[in-house]
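J.: So here's coords_33.csv, just CSV, C-alpha atoms:
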chain,number,residue,atom,x,y,z
Y,1,MET,CA,93.0,-29.5,136.5
Y,2,SER,CA,90.8,-26.4,136.7
Y,3,PHE,CA,90.8,-23.7,134.0
Y,4,LEU,CA,88.7,-21.3,136.1
Y,5,PRO,CA,89.1,-20.1,139.7
Y,6,PRO,CA,86.8,-21.7,142.3
Y,7,GLN,CA,83.3,-20.3,142.0
Y,8,SER,CA,82.7,-19.6,145.7
Y,9,SER,CA,80.0,-17.0,145.4
Y,10,SER,CA,76.9,-16.2,143.4
Y,11,THR,CA,78.8,-13.2,141.9
Y,12,ALA,CA,81.5,-15.5,140.5
Y,13,LYS,CA,79.0,-17.9,139.1
Y,14,SER,CA,77.2,-15.1,137.4
Y,15,ARG,CA,80.4,-13.7,136.0
Y,16,TYR,CA,81.7,-16.9,134.5
Y,17,ALA,CA,78.3,-18.0,133.2
Y,18,PHE,CA,78.5,-15.4,130.4
Y,19,GLU,CA,81.9,-16.1,129.1
Y,20,GLY,CA,82.0,-17.3,125.5
Y,21,ILE,CA,78.5,-16.1,124.6
Y,22,ARG,CA,78.1,-14.6,121.1
Y,23,ALA,CA,77.9,-10.8,121.2
Y,24,GLN,CA,74.5,-10.8,119.6
Y,25,ILE,CA,73.2,-13.1,122.3
Y,26,ARG,CA,75.0,-11.4,125.2
Y,27,ASP,CA,73.5,-8.0,124.2
Y,28,LEU,CA,70.0,-9.4,123.6
Y,29,HIS,CA,67.3,-8.4,126.0
Y,30,THR,CA,63.6,-8.3,126.2
Y,31,ASP,CA,62.1,-4.8,126.5
Y,32,ASN,CA,58.4,-5.1,126.4
Y,33,ILE,CA,55.3,-4.4,128.5
Y,34,ALA,CA,56.4,-6.9,131.3
Y,35,ASN,CA,56.8,-4.2,133.9
Y,36,LEU,CA,53.4,-2.7,133.1
Y,37,ALA,CA,51.9,-6.1,133.2
Y,38,LEU,CA,53.4,-6.8,136.6
Y,39,ARG,CA,52.0,-3.5,137.9
Y,40,ALA,CA,48.6,-4.3,136.4
Y,41,ARG,CA,48.5,-7.5,138.5
Y,42,GLU,CA,49.0,-5.4,141.6
Y,43,LEU,CA,46.4,-2.9,140.6
Y,44,GLY,CA,43.6,-5.3,139.6
Y,45,ASP,CA,40.6,-4.5,137.4
Y,46,VAL,CA,42.9,-3.6,134.4
Y,47,ILE,CA,41.6,-3.7,130.9
Y,48,ALA,CA,44.7,-5.0,129.0
Y,49,LEU,CA,44.7,-3.7,125.4
Y,50,TRP,CA,48.5,-3.9,125.0
Y,51,TYR,CA,48.8,-7.4,123.6
Y,52,GLY,CA,48.5,-8.1,119.8
Y,53,GLU,CA,45.9,-10.8,120.5
Y,54,GLY,CA,42.2,-11.1,120.2
Y,55,ASP,CA,39.7,-12.2,122.9
Y,56,LEU,CA,38.1,-15.1,120.9
Y,57,VAL,CA,38.9,-18.7,121.9
Y,58,THR,CA,39.9,-20.8,118.8
Y,59,PRO,CA,36.5,-22.1,117.4
Y,60,ALA,CA,35.4,-25.7,118.0
Y,61,PHE,CA,35.8,-26.9,114.4
Y,62,ILE,CA,39.5,-26.2,114.5
Y,63,ARG,CA,40.0,-27.6,118.0
Y,64,ASP,CA,38.0,-30.7,117.0
Y,65,ALA,CA,40.2,-31.3,113.9
Y,66,ALA,CA,43.3,-31.3,116.1
Y,67,LYS,CA,41.7,-33.6,118.7
Y,68,ALA,CA,40.6,-36.0,115.9
Y,69,ALA,CA,44.2,-36.1,114.6
Y,70,PHE,CA,45.4,-37.0,118.1
Y,71,ASP,CA,42.8,-39.8,118.3
Y,72,ASP,CA,43.8,-41.0,114.9
Y,73,GLY,CA,47.4,-41.4,115.9
Y,74,LEU,CA,49.0,-38.4,114.1
Y,75,THR,CA,51.5,-38.3,116.9
Y,76,PHE,CA,54.7,-39.3,114.9
Y,77,TYR,CA,57.2,-37.2,113.0
Y,78,ILE,CA,55.8,-35.5,109.8
Y,79,PRO,CA,58.3,-36.9,107.3
Y,80,ASN,CA,58.1,-34.0,104.9
Y,81,MET,CA,60.0,-31.2,106.6
Y,82,ARG,CA,57.9,-28.6,104.7
Y,83,GLY,CA,54.7,-29.7,106.3
Y,84,TYR,CA,51.7,-32.0,106.6
Y,85,ALA,CA,50.5,-32.8,103.0
Y,86,PRO,CA,46.8,-31.9,103.6
Y,87,LEU,CA,47.8,-28.5,105.0
Y,88,ASN,CA,50.4,-27.8,102.3
Y,89,GLU,CA,47.8,-28.6,99.6
Y,90,ALA,CA,45.2,-26.5,101.3
Y,91,LEU,CA,47.6,-23.5,101.6
Y,92,SER,CA,48.5,-23.9,97.9
Y,93,ASP,CA,44.8,-23.8,97.0
Y,94,TYR,CA,44.1,-20.9,99.4
Y,95,GLN,CA,46.9,-18.7,98.3
Y,96,SER,CA,46.4,-19.3,94.6
Y,97,ARG,CA,42.7,-18.4,94.9
Y,98,LEU,CA,43.3,-15.4,97.2
Y,99,HIS,CA,46.2,-13.9,95.1
Y,100,GLY,CA,44.9,-14.7,91.7
Y,101,GLN,CA,47.9,-16.7,90.4
Y,102,PRO,CA,49.3,-20.2,91.0
Y,103,ILE,CA,51.2,-20.7,94.3
Y,104,PRO,CA,52.3,-24.4,94.0
Y,105,VAL,CA,52.9,-26.6,97.0
Y,106,ALA,CA,56.7,-26.3,96.4
Y,107,ARG,CA,56.6,-22.7,97.4
Y,108,THR,CA,55.2,-23.1,100.9
Y,109,THR,CA,56.8,-24.4,104.1
Y,110,VAL,CA,54.8,-24.8,107.4
Y,111,THR,CA,56.6,-23.5,110.5
Y,112,PRO,CA,56.0,-23.6,114.2
Y,113,SER,CA,54.8,-19.9,114.4
Y,114,GLY,CA,54.9,-17.0,112.1
Y,115,MET,CA,58.0,-15.8,114.1
Y,116,GLN,CA,59.8,-19.0,113.0
Y,117,ALA,CA,58.9,-18.3,109.4
Y,118,LEU,CA,60.3,-14.8,109.7
Y,119,TYR,CA,63.5,-16.0,111.3
Y,120,MET,CA,64.0,-18.7,108.7
Y,121,ALA,CA,63.5,-16.2,105.9
Y,122,LEU,CA,66.2,-14.0,107.4
Y,123,GLU,CA,68.5,-16.9,108.2
Y,124,LEU,CA,68.3,-18.0,104.6
Y,125,ILE,CA,69.8,-14.8,103.2
Y,126,VAL,CA,71.4,-12.6,105.9
Y,127,ASP,CA,75.2,-12.9,106.6
Y,128,VAL,CA,77.3,-11.2,109.2
Y,129,GLY,CA,78.3,-7.8,107.7
Y,130,THR,CA,75.1,-7.4,105.6
Y,131,ASN,CA,72.1,-5.4,106.5
Y,132,VAL,CA,68.3,-5.5,106.3
Y,133,VAL,CA,66.3,-2.3,105.7
Y,134,TYR,CA,63.0,-2.5,107.5
Y,135,VAL,CA,60.0,-0.2,107.3
Y,136,ALA,CA,59.3,1.4,110.7
Y,137,PRO,CA,57.5,1.9,113.1
Y,138,GLN,CA,57.8,-1.9,113.3
Y,139,TRP,CA,57.2,-4.8,115.6
Y,140,PRO,CA,60.4,-5.0,117.7
Y,141,ASN,CA,60.9,-8.7,117.0
Y,142,ILE,CA,62.0,-7.8,113.4
Y,143,HIS,CA,64.9,-5.6,114.6
Y,144,ASN,CA,66.0,-8.1,117.1
Y,145,ALA,CA,65.8,-11.1,114.8
Y,146,ILE,CA,68.1,-9.4,112.3
Y,147,HIS,CA,70.5,-8.6,115.1
Y,148,LEU,CA,70.3,-12.1,116.5
Y,149,ILE,CA,71.3,-13.6,113.1
Y,150,GLY,CA,74.3,-11.2,112.9
Y,151,GLY,CA,73.0,-8.7,110.3
Y,152,GLU,CA,72.7,-5.0,110.8
Y,153,PRO,CA,69.1,-3.9,111.4
Y,154,ARG,CA,68.6,-0.6,109.4
Y,155,PRO,CA,65.3,1.1,110.2
Y,156,PHE,CA,63.6,3.3,107.6
Y,157,ALA,CA,60.8,5.5,109.0
Y,158,LEU,CA,57.5,6.1,107.3
Y,159,ASP,CA,56.6,9.8,106.8
Y,160,PHE,CA,53.9,11.0,109.2
Y,161,ASP,CA,51.8,14.1,108.4
Y,162,GLY,CA,48.3,13.1,109.6
Y,163,ASP,CA,48.8,9.7,108.0
Y,164,TRP,CA,51.7,7.2,107.5
Y,165,LYS,CA,53.2,7.3,104.0
Y,166,LEU,CA,56.0,5.4,102.3
Y,167,ASP,CA,58.6,7.4,100.4
Y,168,LEU,CA,59.9,4.8,98.0
Y,169,ASP,CA,62.8,7.0,96.7
Y,170,ARG,CA,64.1,7.5,100.2
Y,171,LEU,CA,63.6,3.8,101.0
Y,172,PHE,CA,65.7,2.7,98.0
Y,173,ALA,CA,68.4,5.2,98.8
Y,174,THR,CA,68.7,3.7,102.3
Y,175,CYS,CA,69.9,0.5,100.7
Y,176,ASP,CA,73.5,-0.1,99.7
Y,177,ALA,CA,75.8,-2.8,98.4
Y,178,ARG,CA,75.5,-4.7,101.7
Y,179,THR,CA,71.7,-4.7,101.8
Y,180,ARG,CA,70.3,-8.2,101.5
Y,181,ALA,CA,66.6,-7.5,102.0
Y,182,ILE,CA,63.9,-4.9,102.5
Y,183,PHE,CA,61.4,-6.0,105.1
Y,184,LEU,CA,57.9,-4.5,105.5
Y,185,SER,CA,54.8,-5.5,107.4
Y,186,THR,CA,51.5,-4.8,105.5
Y,187,PRO,CA,49.1,-4.1,107.0
Y,188,SER,CA,51.5,-2.9,109.6
Y,189,ASN,CA,51.9,-3.6,113.3
Y,190,PRO,CA,51.5,-1.1,114.9
Y,191,THR,CA,50.4,1.7,112.5
Y,192,GLY,CA,47.9,-0.2,110.2
Y,193,TRP,CA,49.7,1.4,107.2
Y,194,THR,CA,49.1,-0.9,104.2
Y,195,ALA,CA,51.2,-1.0,101.0
Y,196,THR,CA,49.3,-0.5,97.7
Y,197,ARG,CA,49.6,-2.7,94.7
Y,198,THR,CA,51.6,0.0,93.0
Y,199,GLU,CA,54.0,0.2,95.9
Y,200,MET,CA,54.4,-3.6,95.8
Y,201,GLU,CA,55.2,-3.4,92.1
Y,202,ALA,CA,57.8,-0.8,92.7
Y,203,LEU,CA,59.4,-2.9,95.4
Y,204,LEU,CA,59.5,-5.9,93.1
Y,205,ASP,CA,61.0,-3.8,90.3
Y,206,PHE,CA,63.7,-2.6,92.6
Y,207,SER,CA,64.4,-6.2,93.7
Y,208,ARG,CA,64.7,-7.3,90.1
Y,209,ARG,CA,67.1,-4.5,89.3
Y,210,THR,CA,69.4,-4.9,92.4
Y,211,GLY,CA,69.0,-8.4,93.6
Y,212,VAL,CA,67.8,-7.2,97.0
Y,213,TRP,CA,65.2,-9.6,98.5
Y,214,ILE,CA,61.7,-8.4,99.5
Y,215,ILE,CA,60.3,-10.0,102.7
Y,216,SER,CA,56.7,-9.1,103.3
Y,217,ASP,CA,55.1,-9.9,106.7
Y,218,GLU,CA,51.5,-10.4,105.7
Y,219,VAL,CA,50.2,-11.8,109.0
Y,220,TYR,CA,47.4,-9.2,109.0
Y,221,ASN,CA,46.6,-9.6,105.3
Y,222,ARG,CA,43.1,-10.8,105.9
Y,223,LEU,CA,42.4,-8.1,108.5
Y,224,TYR,CA,41.8,-5.5,105.8
Y,225,PHE,CA,38.8,-3.3,105.6
Y,226,GLU,CA,38.7,-2.3,102.0
Y,227,GLY,CA,38.4,-5.7,100.4
Y,228,ASP,CA,38.8,-9.4,101.1
Y,229,ALA,CA,42.6,-9.2,101.5
Y,230,ALA,CA,45.2,-6.5,101.5
Y,231,PRO,CA,47.5,-6.1,98.5
Y,232,SER,CA,50.2,-8.8,98.6
Y,233,ILE,CA,53.6,-9.2,97.1
Y,234,LEU,CA,52.4,-12.6,96.0
Y,235,GLN,CA,49.9,-11.0,93.6
Y,236,VAL,CA,52.7,-9.4,91.6
Y,237,ALA,CA,55.8,-11.6,92.0
Y,238,GLU,CA,56.6,-14.7,90.0
Y,239,ASP,CA,58.1,-17.9,91.3
Y,240,GLY,CA,61.7,-16.9,90.3
Y,241,ASP,CA,61.6,-13.6,92.1
Y,242,ARG,CA,63.6,-12.9,95.3
Y,243,VAL,CA,60.4,-12.6,97.3
Y,244,MET,CA,59.2,-14.2,100.5
Y,245,SER,CA,56.0,-13.8,102.4
Y,246,VAL,CA,55.6,-14.5,106.1
Y,247,ASN,CA,52.2,-15.5,107.4
Y,248,SER,CA,50.5,-17.1,110.5
Y,249,PHE,CA,47.2,-18.6,111.7
Y,250,SER,CA,47.4,-16.5,114.9
Y,251,LYS,CA,45.4,-13.4,114.1
Y,252,ALA,CA,42.8,-14.1,111.4
Y,253,TRP,CA,41.9,-17.6,112.7
Y,254,ALA,CA,42.1,-16.9,116.5
Y,255,MET,CA,45.1,-19.3,117.0
Y,256,THR,CA,47.8,-17.3,118.7
Y,257,GLY,CA,48.6,-20.0,121.2
Y,258,TRP,CA,48.9,-22.8,118.5
Y,259,ARG,CA,52.1,-21.4,117.1
Y,260,VAL,CA,51.6,-22.4,113.5
Y,261,GLY,CA,52.7,-20.2,110.6
Y,262,TRP,CA,54.0,-20.5,107.0
Y,263,LEU,CA,56.6,-19.1,104.7
Y,264,THR,CA,56.0,-18.6,101.0
Y,265,HIS,CA,59.2,-18.6,99.1
Y,266,PRO,CA,60.6,-19.4,95.6
Y,267,SER,CA,60.3,-23.1,94.8
Y,268,GLY,CA,64.1,-22.9,94.0
Y,269,VAL,CA,64.9,-22.7,97.7
Y,270,ALA,CA,62.4,-25.3,98.9
Y,271,ASP,CA,65.1,-27.9,99.5
Y,272,GLN,CA,67.2,-25.5,101.5
Y,273,VAL,CA,64.2,-24.4,103.6
Y,274,ALA,CA,63.3,-28.0,104.3
Y,275,ALA,CA,66.9,-28.7,105.4
Y,276,MET,CA,66.8,-25.6,107.7
Y,277,THR,CA,63.5,-26.9,109.2
Y,278,GLN,CA,65.1,-30.2,109.9
Y,279,TYR,CA,68.0,-28.7,111.8
Y,280,VAL,CA,66.1,-25.9,113.5
Y,281,ASN,CA,62.9,-27.5,114.7
Y,282,SER,CA,62.2,-30.8,112.8
Y,283,GLY,CA,58.8,-29.5,111.8
Y,284,THR,CA,55.5,-28.6,113.3
Y,285,ALA,CA,53.4,-30.9,115.4
Y,286,GLY,CA,51.0,-33.0,113.2
Y,287,PRO,CA,47.8,-32.4,115.2
Y,288,LEU,CA,48.4,-28.7,115.2
Y,289,GLN,CA,48.8,-28.8,111.4
Y,290,ALA,CA,45.6,-30.8,111.1
Y,291,GLY,CA,43.8,-28.0,113.1
Y,292,ALA,CA,45.4,-25.4,110.8
Y,293,ALA,CA,44.2,-27.4,107.7
Y,294,ALA,CA,40.6,-27.2,109.1
Y,295,ALA,CA,41.1,-23.4,109.6
Y,296,ILE,CA,42.3,-22.7,106.1
Y,297,THR,CA,39.7,-24.9,104.4
Y,298,ARG,CA,36.6,-24.2,106.5
Y,299,GLY,CA,37.4,-20.9,108.2
Y,300,GLU,CA,36.3,-18.2,105.8
Y,301,PRO,CA,33.2,-17.3,107.9
Y,302,LEU,CA,35.5,-17.1,110.9
Y,303,VAL,CA,37.9,-14.7,109.1
Y,304,GLN,CA,35.0,-12.5,108.2
Y,305,GLU,CA,33.7,-12.5,111.7
Y,306,ILE,CA,37.1,-11.5,113.1
Y,307,ARG,CA,37.5,-8.8,110.5
Y,308,GLN,CA,34.1,-7.3,111.4
Y,309,ARG,CA,34.9,-7.5,115.1
Y,310,ILE,CA,38.1,-5.6,114.6
Y,311,LYS,CA,36.4,-3.0,112.3
Y,312,THR,CA,33.7,-2.4,114.9
Y,313,GLY,CA,36.3,-1.9,117.6
Y,314,LEU,CA,38.4,0.4,115.5
Y,315,ASP,CA,35.3,2.5,114.5
Y,316,LEU,CA,34.4,2.8,118.1
Y,317,ALA,CA,37.9,3.7,119.2
Y,318,TYR,CA,38.2,6.4,116.6
Y,319,GLU,CA,34.8,7.9,117.4
Y,320,ARG,CA,35.6,8.1,121.1
Y,321,LEU,CA,39.3,9.1,120.7
Y,322,ALA,CA,38.3,12.0,118.5
Y,323,ARG,CA,36.7,13.6,121.6
Y,324,PHE,CA,40.0,13.6,123.6
Y,325,PRO,CA,41.6,17.0,124.0
Y,326,GLY,CA,44.9,17.3,122.2
Y,327,ILE,CA,44.6,13.9,120.5
Y,328,ILE,CA,46.9,13.2,117.5
Y,329,LEU,CA,44.8,10.6,115.6
Y,330,PRO,CA,46.1,9.5,112.2
Y,331,GLU,CA,43.7,8.7,109.4
Y,332,LYS,CA,41.9,5.5,110.2
Y,333,PRO,CA,44.0,2.4,109.3
Y,334,ARG,CA,43.1,0.4,106.2
Y,335,GLY,CA,44.0,-2.8,108.0
Y,336,GLY,CA,45.5,-4.5,111.1
Y,337,MET,CA,43.9,-4.5,114.6
Y,338,TYR,CA,45.3,-1.4,116.3
Y,339,ALA,CA,44.5,2.2,117.0
Y,340,PHE,CA,47.9,4.0,117.1
Y,341,PHE,CA,47.7,7.6,118.4
Y,342,ALA,CA,49.6,10.3,120.3
Y,343,VAL,CA,48.7,13.2,122.6
Y,344,GLU,CA,50.0,16.7,122.1
Y,345,GLY,CA,52.8,17.6,124.5
Y,346,GLU,CA,53.4,14.0,125.5
Y,347,SER,CA,56.6,12.7,123.9
Y,348,ASP,CA,57.4,9.9,126.4
Y,349,SER,CA,55.1,7.0,125.6
Y,350,ARG,CA,56.6,4.9,128.4
Y,351,ARG,CA,55.6,7.5,131.0
Y,352,LEU,CA,52.3,8.1,129.3
Y,353,CYS,CA,51.3,4.5,129.4
Y,354,ALA,CA,52.4,4.1,133.0
Y,355,ASP,CA,50.3,7.2,133.9
Y,356,ILE,CA,47.2,5.9,132.0
Y,357,LEU,CA,47.6,2.5,133.7
Y,358,GLU,CA,47.8,4.0,137.2
Y,359,LYS,CA,44.9,6.5,136.7
Y,360,THR,CA,42.5,4.6,134.5
Y,361,ARG,CA,43.4,0.9,134.8
Y,362,VAL,CA,43.7,0.6,131.0
Y,363,GLY,CA,46.8,-1.1,129.6
Y,364,LEU,CA,48.3,0.3,126.3
Y,365,ALA,CA,51.6,-0.5,124.6
Y,366,PRO,CA,54.1,2.3,124.5
Y,367,GLY,CA,55.2,3.3,121.0
Y,368,TYR,CA,59.0,3.5,121.8
Y,369,LEU,CA,58.9,-0.3,121.6
Y,370,PHE,CA,58.3,0.0,117.8
Y,371,GLY,CA,61.3,2.3,117.2
Y,372,SER,CA,62.3,6.0,117.6
Y,373,SER,CA,59.9,7.2,115.0
Y,374,ALA,CA,57.0,6.1,117.3
Y,375,ASN,CA,58.3,7.4,120.6
Y,376,ALA,CA,55.3,9.6,121.2
Y,377,PHE,CA,52.6,7.1,120.1
Y,378,VAL,CA,50.7,4.4,122.0
Y,379,ARG,CA,49.1,1.3,120.6
Y,380,MET,CA,45.6,0.0,121.5
Y,381,CYS,CA,44.5,-3.4,120.4
Y,382,VAL,CA,40.8,-3.2,119.2
Y,383,TYR,CA,40.4,-6.9,118.6
Y,384,ARG,CA,38.0,-7.1,121.6
Y,385,ASP,CA,34.4,-7.2,122.5
Y,386,ALA,CA,33.0,-3.7,121.8
Y,387,SER,CA,31.8,-3.3,125.4
Y,388,GLN,CA,35.3,-3.7,126.8
Y,389,ILE,CA,36.7,-1.1,124.4
Y,390,GLU,CA,33.9,1.3,125.3
Y,391,THR,CA,34.6,0.9,129.0
Y,392,ALA,CA,38.3,1.4,128.5
Y,393,LEU,CA,37.8,4.5,126.4
Y,394,GLY,CA,35.3,5.9,128.9
Y,395,ARG,CA,37.8,5.6,131.7
Y,396,MET,CA,40.5,7.3,129.6
Y,397,LEU,CA,38.2,10.1,128.5
Y,398,ALA,CA,37.2,10.8,132.2
Y,399,PHE,CA,41.0,10.9,133.0
Y,400,LYS,CA,41.8,13.4,130.3
Y,401,ASN,CA,38.9,15.6,131.2
I'd like the structure from this file rewritten - as C-alpha cells, please.

T.:
Amino acid sequence: MSFLPPQSSSTAKSRYAFEGIRAQIRDLHTDNIANLALRARELGDVIALWYGEGDLVTPAFIRDAAKAAFDDGLTFYIPNMRGYAPLNEALSDYQSRLHGQPIPVARTTVTPSGMQALYMALELIVDVGTNVVYVAPQWPNIHNAIHLIGGEPRPFALDFDGDWKLDLDRLFATCDARTRAIFLSTPSNPTGWTATRTEMEALLDFSRRTGVWIISDEVYNRLYFEGDAAPSILQVAEDGDRVMSVNSFSKAWAMTGWRVGWLTHPSGVADQVAAMTQYVNSGTAGPLQAGAAAAITRGEPLVQEIRQRIKTGLDLAYERLARFPGIILPEKPRGGMYAFFAVEGESDSRRLCADILEKTRVGLAPGYLFGSSANAFVRMCVYRDASQIETALGRMLAFKN
C-alpha cells in the first residue's frame, strides 16, 4: 500500500521531501557571504577580510598536546558529560583568577564549539511562545538559533551617534512577561561595543528583579584593548543567579577549526546540562579537550600576541579609513577583531560589498547580515598580518579616490 503518489519526477521528489518538516526548520536558510566567496574564487587575487577568523595556525604546543593525547590512547568516550577533568579543572582555575571570584568546576560544561554552548544555553530555558531579547547589531547565528528552538527572536538595537551605546531603560522596556532571556555579545561581533561593569550590574539587578536570564557571549572577552579582559557578567554574578556565559577557544587561542567551547552556568543546572550534552552530542572529543587544556594553562603569551596583532590591525585600519571621503567611522572599538564602518550615501551594504569586491579584490562582510540596524555598515576583520590589511586598504582607497 502506498500513501503517496508515485514519485516519477524530480519535482515530485522535491515536493514530498519537505512534508512533515518543522516550520522553524522548513523556513531556515543560510544567508551569508557564500555568493561573494564564490565570485571571489572566479576573480582571484582576493584579500578575504569577511570571515571572523584570524590568520594564525594553532601553535605547536596546543597541537602537540592533542597529538600526545591520541598517542596515549585518549580515544574513548569521556565519561563525564561536562568535560575532560583536566580541562574542567583548568577552566575553573582560569575563570576564578580572571574574574576575581570562585568559579567552581560544577559551573562549567565543555562543548563541541562555542555555538553548541550558545545553543544549549538557549535550549535550557527557551520554550515555544517565549522570546529572547538580543542586543543588535548581532552575529546572525543568535537570531536563527532562537528561531530554531522555537522562541521569538526580538532584536534590540544599540543607539548609534558616532559610537554604539546601550540604552538600558529601552532594553528593559522591550522585555515582557514572555521574555526568558536577554542576550548580549561583549565585546560585540560586529561593532566591538563592550558592556561596562556598571551595565553588567544593571543587567544582573534586572534579572534578579524579574527572573529574566542573562546570556552573555564572551568569546571576545580576552580580545580587549583596555585591560587584560573585558568586563564580564561572571565578575558580578553569584552562583545562584540566572546567568550564563558562552565562551570558545576559537578566537583568543587561534583554534577556530577545533570546535571547542564552554558554557559557564549555575551549578544548580549542572546535571541538566550534562544530560543535554549526552543526548545532543555525547561530549567533546578527548584529544581536542587535551589540546584546549594546554591552551588554557600555557597560552597566556599567545593570547597577548593575538590581542596585539588585532590592535595593530585595528589601529592601521582606522588610520587609513579616516582618509576615505565620506567615511562614517565609529569611535575605535574597545574590543573584538573588526572595523565596522559605513560610507555616506551608501545604504545597501550588500551592493557596496559586491562593488568593492569587483573593483578592488577586497572581501568585506555586508552589515545587513547582522540585522536591520546595520544595513549600511560593512565589517572588516583586522585579525591579519598588518601587510595584508595595508594592501587591502590601499586598494580600497585607490578605488574611492

J.: Restricting the calculation to only C-alpha atoms: of Y:Gln235, Y:Asn221, Y:Ser96, Y:Thr210, which residue gets closest to Y:Arg197?

T.: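 Looking at the shortest contact to Y:Arg197, the residue is Y:Gln235.
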
J.: Residues within 9 Å of stretch 236-238 of chain Y, please, as a ChimeraX atom specification. Count all atoms listed in the file; anything in the same chain fewer than 4 positions from it doesn't count.

T.: /Y:99,101,197,200-201,204,232,242-243,266

J.: Using C-alpha atoms, can you export the residues from the last selection as a PDB file, in the frame of the given file?

T.:
ATOM      1  CA  HIS Y  99      46.200 -13.900  95.100  1.00  0.00           C
ATOM      2  CA  GLN Y 101      47.900 -16.700  90.400  1.00  0.00           C
ATOM      3  CA  ARG Y 197      49.600  -2.700  94.700  1.00  0.00           C
ATOM      4  CA  MET Y 200      54.400  -3.600  95.800  1.00  0.00           C
ATOM      5  CA  GLU Y 201      55.200  -3.400  92.100  1.00  0.00           C
ATOM      6  CA  LEU Y 204      59.500  -5.900  93.100  1.00  0.00           C
ATOM      7  CA  SER Y 232      50.200  -8.800  98.600  1.00  0.00           C
ATOM      8  CA  ARG Y 242      63.600 -12.900  95.300  1.00  0.00           C
ATOM      9  CA  VAL Y 243      60.400 -12.600  97.300  1.00  0.00           C
ATOM     10  CA  PRO Y 266      60.600 -19.400  95.600  1.00  0.00           C
TER      11      PRO Y 266
END

J.: Which residue, Y:Ser387, Y:Ala66, Y:Tyr84, Y:Ala342, has the smallest gap to Y:Pro366 when you use only C-alpha atoms?

T.: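 For Y:Pro366, the nearest of the given residues is Y:Ala342.
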
J.: Choose the residue, out of Y:Thr297, Y:Thr186, Y:Asn247, Y:Thr360, that has the smallest atom-to-atom separation from Y:Pro333; count all atoms listed in the file.

T.: Y:Thr186

J.: Which residue is closest to Y:Ala376? Choose from Y:Arg350, Y:His147, Y:Arg26, Y:Arg82 and count only C-alpha atoms.

T.: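 The answer is Y:Arg350, which sits nearest to Y:Ala376.
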
J.: Interatomic distance between atom CA of Y:Gln278 and atom CA of Y:Gly150?

T.: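 Separation of atom CA of Y:Gln278 and atom CA of Y:Gly150: 21.3 Å.
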
J.: When you count all atoms listed in the file, which of these residues is closest to Y:Lys67: Y:Thr179, Y:Leu118, Y:Tyr224, Y:Ala290?

T.: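 That would be Y:Ala290, the residue with the smallest distance to Y:Lys67.
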
J.: Closest to Y:Thr312 among Y:Trp253, Y:Phe370, Y:Tyr119, Y:Phe225, using all atoms listed in the file?

T.: Y:Phe225

J.: One number please: atom CA of Y:Gly52 to atom CA of Y:Ala392, in Å, one decimal.

T.: 16.4 Å

J.: For the interface of stretch 202-301 of chain Y with stretch 168-176 of chain Y (cut-off 12 Å, counting all atoms listed in the file), please tabulate each contacting residue of stretch 202-301 of chain Y alongside its nearest pair of atoms and their separation in Å to one decimal, rows sorted by chain and increasing number, as JSON lines.

T.:
{"residue": "Y:Ala202", "atom": "CA", "partner": "Y:Leu168", "partner_atom": "CA", "distance": 8.0}
{"residue": "Y:Leu203", "atom": "CA", "partner": "Y:Leu168", "partner_atom": "CA", "distance": 8.1}
{"residue": "Y:Leu204", "atom": "CA", "partner": "Y:Phe172", "partner_atom": "CA", "distance": 11.7}
{"residue": "Y:Asp205", "atom": "CA", "partner": "Y:Phe172", "partner_atom": "CA", "distance": 11.1}
{"residue": "Y:Phe206", "atom": "CA", "partner": "Y:Phe172", "partner_atom": "CA", "distance": 7.8}
{"residue": "Y:Ser207", "atom": "CA", "partner": "Y:Phe172", "partner_atom": "CA", "distance": 10.0}
{"residue": "Y:Arg209", "atom": "CA", "partner": "Y:Phe172", "partner_atom": "CA", "distance": 11.4}
{"residue": "Y:Thr210", "atom": "CA", "partner": "Y:Asp176", "partner_atom": "CA", "distance": 9.7}
{"residue": "Y:Gly211", "atom": "CA", "partner": "Y:Asp176", "partner_atom": "CA", "distance": 11.2}
{"residue": "Y:Val212", "atom": "CA", "partner": "Y:Cys175", "partner_atom": "CA", "distance": 8.8}
{"residue": "Y:Trp213", "atom": "CA", "partner": "Y:Cys175", "partner_atom": "CA", "distance": 11.4}
{"residue": "Y:Ile214", "atom": "CA", "partner": "Y:Phe172", "partner_atom": "CA", "distance": 11.9}

J.: Near Y:Asn189, within 9 Å and counting all atoms listed in the file, which residues show up once chain neighbours fewer than 3 positions away are dropped, as a list in words?

T.: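 Using all atoms listed in the file, the neighbours found are Gly52, Pro137, Gln138, Trp139, Ser185, Thr186, Gly192, Trp193, Tyr220, Gly336, Met337, Tyr338 and Phe370 of chain Y.
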
J.: For the selection just defined, write its residues with C-alpha atoms to a file, as an mmCIF file, in the coordinates of the input.

T.:
data_model
loop_
_atom_site.group_PDB
_atom_site.id
_atom_site.type_symbol
_atom_site.label_atom_id
_atom_site.label_comp_id
_atom_site.auth_asym_id
_atom_site.auth_seq_id
_atom_site.Cartn_x
_atom_site.Cartn_y
_atom_site.Cartn_z
ATOM 1 C CA GLY Y 52 48.500 -8.100 119.800
ATOM 2 C CA PRO Y 137 57.500 1.900 113.100
ATOM 3 C CA GLN Y 138 57.800 -1.900 113.300
ATOM 4 C CA TRP Y 139 57.200 -4.800 115.600
ATOM 5 C CA SER Y 185 54.800 -5.500 107.400
ATOM 6 C CA THR Y 186 51.500 -4.800 105.500
ATOM 7 C CA GLY Y 192 47.900 -0.200 110.200
ATOM 8 C CA TRP Y 193 49.700 1.400 107.200
ATOM 9 C CA TYR Y 220 47.400 -9.200 109.000
ATOM 10 C CA GLY Y 336 45.500 -4.500 111.100
ATOM 11 C CA MET Y 337 43.900 -4.500 114.600
ATOM 12 C CA TYR Y 338 45.300 -1.400 116.300
ATOM 13 C CA PHE Y 370 58.300 0.000 117.800
#

J.: Which residues are close to Y:Leu36, i.e. within 10 Å by all atoms listed in the file, leaving aside same-chain residues fewer than 6 positions away? Reply as an mmCIF file with C-alpha atoms, in the coordinates of the input.

T.:
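Produced file selection02.cif, reproduced below:
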data_model
loop_
_atom_site.group_PDB
_atom_site.id
_atom_site.type_symbol
_atom_site.label_atom_id
_atom_site.label_comp_id
_atom_site.auth_asym_id
_atom_site.auth_seq_id
_atom_site.Cartn_x
_atom_site.Cartn_y
_atom_site.Cartn_z
ATOM 1 C CA GLU Y 42 49.000 -5.400 141.600
ATOM 2 C CA ALA Y 48 44.700 -5.000 129.000
ATOM 3 C CA TRP Y 50 48.500 -3.900 125.000
ATOM 4 C CA ARG Y 350 56.600 4.900 128.400
ATOM 5 C CA CYS Y 353 51.300 4.500 129.400
ATOM 6 C CA ALA Y 354 52.400 4.100 133.000
ATOM 7 C CA LEU Y 357 47.600 2.500 133.700
ATOM 8 C CA GLU Y 358 47.800 4.000 137.200
ATOM 9 C CA GLY Y 363 46.800 -1.100 129.600
ATOM 10 C CA LEU Y 364 48.300 0.300 126.300
ATOM 11 C CA ALA Y 365 51.600 -0.500 124.600
ATOM 12 C CA PRO Y 366 54.100 2.300 124.500
#
